[in-house]
Amino acid sequence: MGRINKLKIALVTDSTSVLTEQEVKDNNINVVPIPVIVGDKEYLEGVNITSEQLFEMQRQGAAFPKTSQPSMGQMLELFNKLHDEGYEAIIAITLSSGISGFYQNLVNMAHNNPEYNLYPYDSKMTVKLQGYLVLAAAKMIKKGLEPEAIINNLDKIRDTIQELFVVDDLKNLSRGGRLSNASAFIGTMLQIKPILTFNDEGKIVAFDKIRSMKRAVSKVEKLALEKTAELPYRDKLRLFVFHSNDHKQAEEIKQFINENFPNKPVDIAEFSPVIATHLGEKSIAIAWMIDIDKLDFSK
């Protein structure tokens, strides 16, 4: 899995990875908050806004929320600090380049500032799926792997990730420009619920449309069973349920997963405010990937 070395490597990610305070602390992770702008006020994800607060503002008639990127000045400040602290390389794992320009900005920064020895990494995902890539990188840093080996292993883990989600209303996705094939789905009847996924480029695409949320969720559950049935790492699966302010629906799906995937770990979590901004309220997802706790990074 790569030559062992003693490089001092820093680990950076953005707030959409929804890591817990404990995970951040235990693994020495630098989390950069992503701004959410509502009207003329800027909030920072993971600092002073939750998805629930965001939807409540919408109900109160607030302006359509927008998301931004961490400023490059802020990133230079962080990388300078890490460089001054003696870090000889920095691995920065970002949310999908298909929905944000953050990754590309870091690629440019790495090119213009070779002294950082910066390795930007496109998760091609977001939320806790991205978070687990970050945690896998942390494990490998602790094992002493070199950056190239870490990136190579992250690619293999990323290849096991799949997410299927349903949005209750396409308005947010289409207005935010985050749905690649939106034109095929806009203008349909209100009860049509698109099933979406991330494609190989990390863009959100719709691949099916079902009438009613209940049927769409059933279809996603069925697809999850079909798509995981023949996976070579099926015995090492970790599953996820993500939701936008719909705890009841999420718990019902978790029960379905527990019944059909006995003894497999299941994470249940809300979409982060940045992602909830684009998906809208009542969105739901089932996702899976290889369980990094069952991987041996010492070889």
# chains A, B, ... in the order shown; residues from 1 in each chain; ligands from 1
call {"tool": "select_by_dssp", "arguments": {"residues": "segment 174-281 of chain A", "states": "alpha helix (DSSP H)", "output": "short mmCIF file (atom, residue, chain, number, x, y, z; two decimals) with N, CA and C atoms, in the first residue's frame"}}
result
data_model
loop_
_atom_site.label_atom_id
_atom_site.label_comp_id
_atom_site.auth_asym_id
_atom_site.auth_seq_id
_atom_site.Cartn_x
_atom_site.Cartn_y
_atom_site.Cartn_z
N SER A 174 -32.70 23.02 -9.49
CA SER A 174 -32.67 23.67 -10.80
C SER A 174 -32.28 25.14 -10.68
N ARG A 175 -32.78 25.80 -9.62
CA ARG A 175 -32.47 27.21 -9.43
C ARG A 175 -30.98 27.39 -9.11
N MET A 213 -43.79 10.51 -3.57
CA MET A 213 -42.59 10.32 -2.75
C MET A 213 -42.52 8.89 -2.21
N LYS A 214 -43.66 8.37 -1.80
CA LYS A 214 -43.69 7.02 -1.22
C LYS A 214 -43.17 5.99 -2.23
N ARG A 215 -43.64 6.08 -3.46
CA ARG A 215 -43.19 5.13 -4.50
C ARG A 215 -41.72 5.34 -4.84
N ALA A 216 -41.30 6.59 -4.84
CA ALA A 216 -39.90 6.89 -5.17
C ALA A 216 -38.97 6.29 -4.11
N VAL A 217 -39.34 6.42 -2.85
CA VAL A 217 -38.52 5.85 -1.77
C VAL A 217 -38.48 4.32 -1.89
N SER A 218 -39.64 3.71 -2.20
CA SER A 218 -39.67 2.24 -2.39
C SER A 218 -38.76 1.82 -3.53
N LYS A 219 -38.74 2.61 -4.60
CA LYS A 219 -37.88 2.30 -5.75
C LYS A 219 -36.40 2.39 -5.35
N VAL A 220 -36.06 3.40 -4.58
CA VAL A 220 -34.68 3.57 -4.14
C VAL A 220 -34.26 2.40 -3.24
N GLU A 221 -35.16 1.97 -2.37
CA GLU A 221 -34.87 0.82 -1.50
C GLU A 221 -34.63 -0.44 -2.35
N LYS A 222 -35.48 -0.63 -3.36
CA LYS A 222 -35.34 -1.79 -4.25
C LYS A 222 -34.01 -1.73 -5.02
N LEU A 223 -33.68 -0.55 -5.53
CA LEU A 223 -32.43 -0.38 -6.26
C LEU A 223 -31.22 -0.65 -5.36
N ALA A 224 -31.30 -0.22 -4.11
CA ALA A 224 -30.20 -0.46 -3.17
C ALA A 224 -29.96 -1.95 -2.98
N LEU A 225 -31.05 -2.72 -2.88
CA LEU A 225 -30.92 -4.18 -2.74
C LEU A 225 -30.27 -4.78 -3.99
N GLU A 226 -30.74 -4.34 -5.16
CA GLU A 226 -30.24 -4.89 -6.43
C GLU A 226 -28.77 -4.55 -6.65
N LYS A 227 -28.42 -3.28 -6.41
CA LYS A 227 -27.08 -2.82 -6.73
C LYS A 227 -26.01 -3.34 -5.76
N THR A 228 -26.42 -3.70 -4.55
CA THR A 228 -25.44 -4.20 -3.58
C THR A 228 -25.35 -5.73 -3.58
N ALA A 229 -26.27 -6.40 -4.28
CA ALA A 229 -26.37 -7.87 -4.20
C ALA A 229 -25.09 -8.58 -4.64
N HIS A 247 -36.98 13.24 9.83
CA HIS A 247 -36.49 12.18 10.71
C HIS A 247 -37.34 10.91 10.60
N LYS A 248 -38.65 11.09 10.49
CA LYS A 248 -39.56 9.94 10.45
C LYS A 248 -39.26 9.04 9.24
N GLN A 249 -39.19 9.66 8.07
CA GLN A 249 -38.88 8.91 6.85
C GLN A 249 -37.52 8.23 6.95
N ALA A 250 -36.54 8.95 7.50
CA ALA A 250 -35.18 8.40 7.63
C ALA A 250 -35.17 7.17 8.54
N GLU A 251 -35.92 7.23 9.64
CA GLU A 251 -35.96 6.10 10.57
C GLU A 251 -36.63 4.88 9.92
N GLU A 252 -37.65 5.13 9.09
CA GLU A 252 -38.33 4.03 8.39
C GLU A 252 -37.37 3.35 7.41
N ILE A 253 -36.58 4.16 6.71
CA ILE A 253 -35.61 3.59 5.76
C ILE A 253 -34.51 2.84 6.50
N LYS A 254 -34.10 3.38 7.65
CA LYS A 254 -33.08 2.70 8.44
C LYS A 254 -33.58 1.32 8.88
N GLN A 255 -34.84 1.26 9.24
CA GLN A 255 -35.44 -0.03 9.64
C GLN A 255 -35.40 -1.01 8.46
N PHE A 256 -35.73 -0.52 7.27
CA PHE A 256 -35.66 -1.34 6.06
C PHE A 256 -34.23 -1.88 5.86
N ILE A 257 -33.24 -1.00 6.05
CA ILE A 257 -31.83 -1.41 5.87
C ILE A 257 -31.44 -2.44 6.91
N ASN A 258 -31.83 -2.21 8.16
CA ASN A 258 -31.50 -3.15 9.23
C ASN A 258 -32.08 -4.54 8.96
N GLU A 259 -33.29 -4.57 8.39
CA GLU A 259 -33.94 -5.85 8.10
C GLU A 259 -33.27 -6.57 6.92
N ASN A 260 -32.83 -5.80 5.93
CA ASN A 260 -32.28 -6.40 4.71
C ASN A 260 -30.76 -6.52 4.70
N PRO A 273 -26.20 21.94 5.79
CA PRO A 273 -26.91 23.11 5.26
C PRO A 273 -26.57 23.44 3.80
N VAL A 274 -25.29 23.33 3.43
CA VAL A 274 -24.90 23.64 2.04
C VAL A 274 -25.60 22.70 1.06
N ILE A 275 -25.63 21.41 1.38
CA ILE A 275 -26.25 20.43 0.48
C ILE A 275 -27.78 20.56 0.55
N ALA A 276 -28.29 20.81 1.76
CA ALA A 276 -29.74 20.99 1.92
C ALA A 276 -30.23 22.19 1.12
N THR A 277 -29.39 23.22 1.00
CA THR A 277 -29.73 24.40 0.20
C THR A 277 -30.09 23.99 -1.23
N HIS A 278 -29.34 23.04 -1.78
CA HIS A 278 -29.55 22.63 -3.17
C HIS A 278 -30.63 21.57 -3.32
N LEU A 279 -30.76 20.69 -2.32
CA LEU A 279 -31.73 19.59 -2.45
C LEU A 279 -33.12 19.98 -1.98
#
call {"tool": "residues_around", "arguments": {"residues": "segment 122-131 of chain A", "least_positions_apart": "5", "cutoff": "8 Å", "atoms": "only C-alpha atoms", "output": "PyMOL selection string"}}
result
chain A and resi 16-19+93-98+103+158+161+198+200-203+271-272+275+289
call {"tool": "select_by_dssp", "arguments": {"residues": "segment 5-194 of chain A", "states": "strand (DSSP E)", "output": "PDB file with C-alpha atoms, in the first residue's frame"}}
result
ATOM      1  CA  ILE A   9       1.131  15.404   6.588  1.00  0.00           C
ATOM      2  CA  ALA A  10      -1.740  17.785   7.372  1.00  0.00           C
ATOM      3  CA  LEU A  11      -5.330  16.867   6.572  1.00  0.00           C
ATOM      4  CA  VAL A  12      -7.875  19.473   5.433  1.00  0.00           C
ATOM      5  CA  THR A  13     -11.530  19.170   4.412  1.00  0.00           C
ATOM      6  CA  ASP A  14     -14.616  21.346   4.121  1.00  0.00           C
ATOM      7  CA  ILE A  29      -8.400  17.420  10.858  1.00  0.00           C
ATOM      8  CA  ASN A  30      -8.646  21.038   9.713  1.00  0.00           C
ATOM      9  CA  VAL A  31     -12.254  21.768   8.701  1.00  0.00           C
ATOM     10  CA  VAL A  32     -12.942  24.824   6.540  1.00  0.00           C
ATOM     11  CA  PRO A  35     -20.521  29.956   3.559  1.00  0.00           C
ATOM     12  CA  VAL A  36     -24.307  29.944   3.132  1.00  0.00           C
ATOM     13  CA  ILE A  37     -25.789  33.307   2.129  1.00  0.00           C
ATOM     14  CA  VAL A  38     -29.408  34.141   2.939  1.00  0.00           C
ATOM     15  CA  LYS A  41     -26.383  37.779   5.654  1.00  0.00           C
ATOM     16  CA  GLU A  42     -23.585  35.207   5.477  1.00  0.00           C
ATOM     17  CA  TYR A  43     -23.602  32.141   7.721  1.00  0.00           C
ATOM     18  CA  LEU A  44     -20.919  29.486   8.124  1.00  0.00           C
ATOM     19  CA  LYS A  66     -26.990  30.607  -1.975  1.00  0.00           C
ATOM     20  CA  THR A  67     -23.697  28.928  -1.240  1.00  0.00           C
ATOM     21  CA  ALA A  89       2.534  17.924   2.734  1.00  0.00           C
ATOM     22  CA  ILE A  90      -1.162  18.803   2.865  1.00  0.00           C
ATOM     23  CA  ILE A  91      -3.993  16.553   1.675  1.00  0.00           C
ATOM     24  CA  ALA A  92      -7.200  18.543   1.111  1.00  0.00           C
ATOM     25  CA  ILE A  93     -10.353  16.486   0.471  1.00  0.00           C
ATOM     26  CA  THR A  94     -13.189  18.557  -0.983  1.00  0.00           C
ATOM     27  CA  LEU A 118      -0.597  20.386  -1.557  1.00  0.00           C
ATOM     28  CA  TYR A 119      -2.603  17.394  -2.755  1.00  0.00           C
ATOM     29  CA  PRO A 120      -6.195  18.464  -3.532  1.00  0.00           C
ATOM     30  CA  TYR A 121      -8.531  15.470  -3.680  1.00  0.00           C
ATOM     31  CA  ASP A 122     -11.978  15.492  -5.299  1.00  0.00           C
ATOM     32  CA  GLN A 162     -22.837   4.954  -4.449  1.00  0.00           C
ATOM     33  CA  GLU A 163     -25.722   7.202  -3.480  1.00  0.00           C
ATOM     34  CA  LEU A 164     -29.365   7.250  -4.602  1.00  0.00           C
ATOM     35  CA  PHE A 165     -31.569  10.106  -3.545  1.00  0.00           C
ATOM     36  CA  VAL A 166     -34.998  11.568  -4.037  1.00  0.00           C
ATOM     37  CA  ILE A 192     -43.273  13.549 -10.053  1.00  0.00           C
ATOM     38  CA  LYS A 193     -40.282  12.745  -7.839  1.00  0.00           C
ATOM     39  CA  PRO A 194     -36.927  12.325  -9.610  1.00  0.00           C
TER      40      PRO A 194
END
call {"tool": "closest_residue", "arguments": {"among": "A:Met109, A:Asp40, A:Asp291, A:Asp235", "to": "Ala62 of chain A", "atoms": "only C-alpha atoms"}}
result
A:Asp40
call {"tool": "closest_residue", "arguments": {"among": "A:Leu145, A:Ile34, A:Val134, A:Ile284", "to": "Ser100 of chain A", "atoms": "only C-alpha atoms"}}
result
A:Ile34
call {"tool": "residues_around", "arguments": {"residues": "Tyr233 of chain A", "least_positions_apart": "5", "cutoff": "12 Å", "atoms": "only C-alpha atoms", "output": "MDAnalysis selection string"}}
result
chainID A and resid 156:157 159:161 228 238 288:292 294:295
call {"tool": "write_last_selection", "arguments": {"atoms": "N, CA and C atoms", "output": "PDB file, in the first residue's frame"}}
result
ATOM      1  N   LYS A 156      -9.513   3.959  -4.643  1.00  0.00           N
ATOM      2  CA  LYS A 156     -10.136   2.629  -4.555  1.00  0.00           C
ATOM      3  C   LYS A 156     -11.366   2.655  -3.654  1.00  0.00           C
ATOM      4  N   ILE A 157     -11.270   3.402  -2.546  1.00  0.00           N
ATOM      5  CA  ILE A 157     -12.420   3.502  -1.637  1.00  0.00           C
ATOM      6  C   ILE A 157     -13.542   4.287  -2.313  1.00  0.00           C
ATOM      7  N   ASP A 159     -14.277   4.503  -5.337  1.00  0.00           N
ATOM      8  CA  ASP A 159     -14.934   3.684  -6.364  1.00  0.00           C
ATOM      9  C   ASP A 159     -16.043   2.793  -5.797  1.00  0.00           C
ATOM     10  N   THR A 160     -16.043   2.599  -4.477  1.00  0.00           N
ATOM     11  CA  THR A 160     -17.078   1.737  -3.874  1.00  0.00           C
ATOM     12  C   THR A 160     -18.315   2.534  -3.449  1.00  0.00           C
ATOM     13  N   ILE A 161     -18.238   3.856  -3.554  1.00  0.00           N
ATOM     14  CA  ILE A 161     -19.336   4.702  -3.055  1.00  0.00           C
ATOM     15  C   ILE A 161     -20.453   4.816  -4.081  1.00  0.00           C
ATOM     16  N   THR A 228     -26.420  -3.696  -4.553  1.00  0.00           N
ATOM     17  CA  THR A 228     -25.439  -4.204  -3.583  1.00  0.00           C
ATOM     18  C   THR A 228     -25.352  -5.729  -3.582  1.00  0.00           C
ATOM     19  N   ARG A 238     -20.822  -0.548   4.472  1.00  0.00           N
ATOM     20  CA  ARG A 238     -21.380   0.411   5.432  1.00  0.00           C
ATOM     21  C   ARG A 238     -22.475   1.168   4.690  1.00  0.00           C
ATOM     22  N   TRP A 288     -24.080   3.796   0.123  1.00  0.00           N
ATOM     23  CA  TRP A 288     -23.238   2.736   0.684  1.00  0.00           C
ATOM     24  C   TRP A 288     -21.819   2.877   0.160  1.00  0.00           C
ATOM     25  N   MET A 289     -20.902   2.250   0.886  1.00  0.00           N
ATOM     26  CA  MET A 289     -19.486   2.226   0.506  1.00  0.00           C
ATOM     27  C   MET A 289     -18.814   1.118   1.303  1.00  0.00           C
ATOM     28  N   ILE A 290     -17.583   0.851   0.978  1.00  0.00           N
ATOM     29  CA  ILE A 290     -16.846  -0.133   1.764  1.00  0.00           C
ATOM     30  C   ILE A 290     -16.592   0.450   3.155  1.00  0.00           C
ATOM     31  N   ASP A 291     -16.678  -0.392   4.164  1.00  0.00           N
ATOM     32  CA  ASP A 291     -16.494   0.065   5.549  1.00  0.00           C
ATOM     33  C   ASP A 291     -15.001   0.235   5.823  1.00  0.00           C
ATOM     34  N   ILE A 292     -14.566   1.486   6.009  1.00  0.00           N
ATOM     35  CA  ILE A 292     -13.120   1.735   6.185  1.00  0.00           C
ATOM     36  C   ILE A 292     -12.593   1.107   7.474  1.00  0.00           C
ATOM     37  N   LYS A 294     -12.977  -1.804   8.267  1.00  0.00           N
ATOM     38  CA  LYS A 294     -12.618  -3.195   7.978  1.00  0.00           C
ATOM     39  C   LYS A 294     -11.452  -3.278   6.989  1.00  0.00           C
ATOM     40  N   LEU A 295     -10.803  -2.155   6.738  1.00  0.00           N
ATOM     41  CA  LEU A 295      -9.666  -2.137   5.818  1.00  0.00           C
ATOM     42  C   LEU A 295      -8.363  -2.079   6.597  1.00  0.00           C
TER      43      LEU A 295
END
call {"tool": "atom_distance", "arguments": {"atom1": "atom CA of Ser51 of chain A", "atom2": "atom CA of Glu281 of chain A"}}
result
8.8 Å
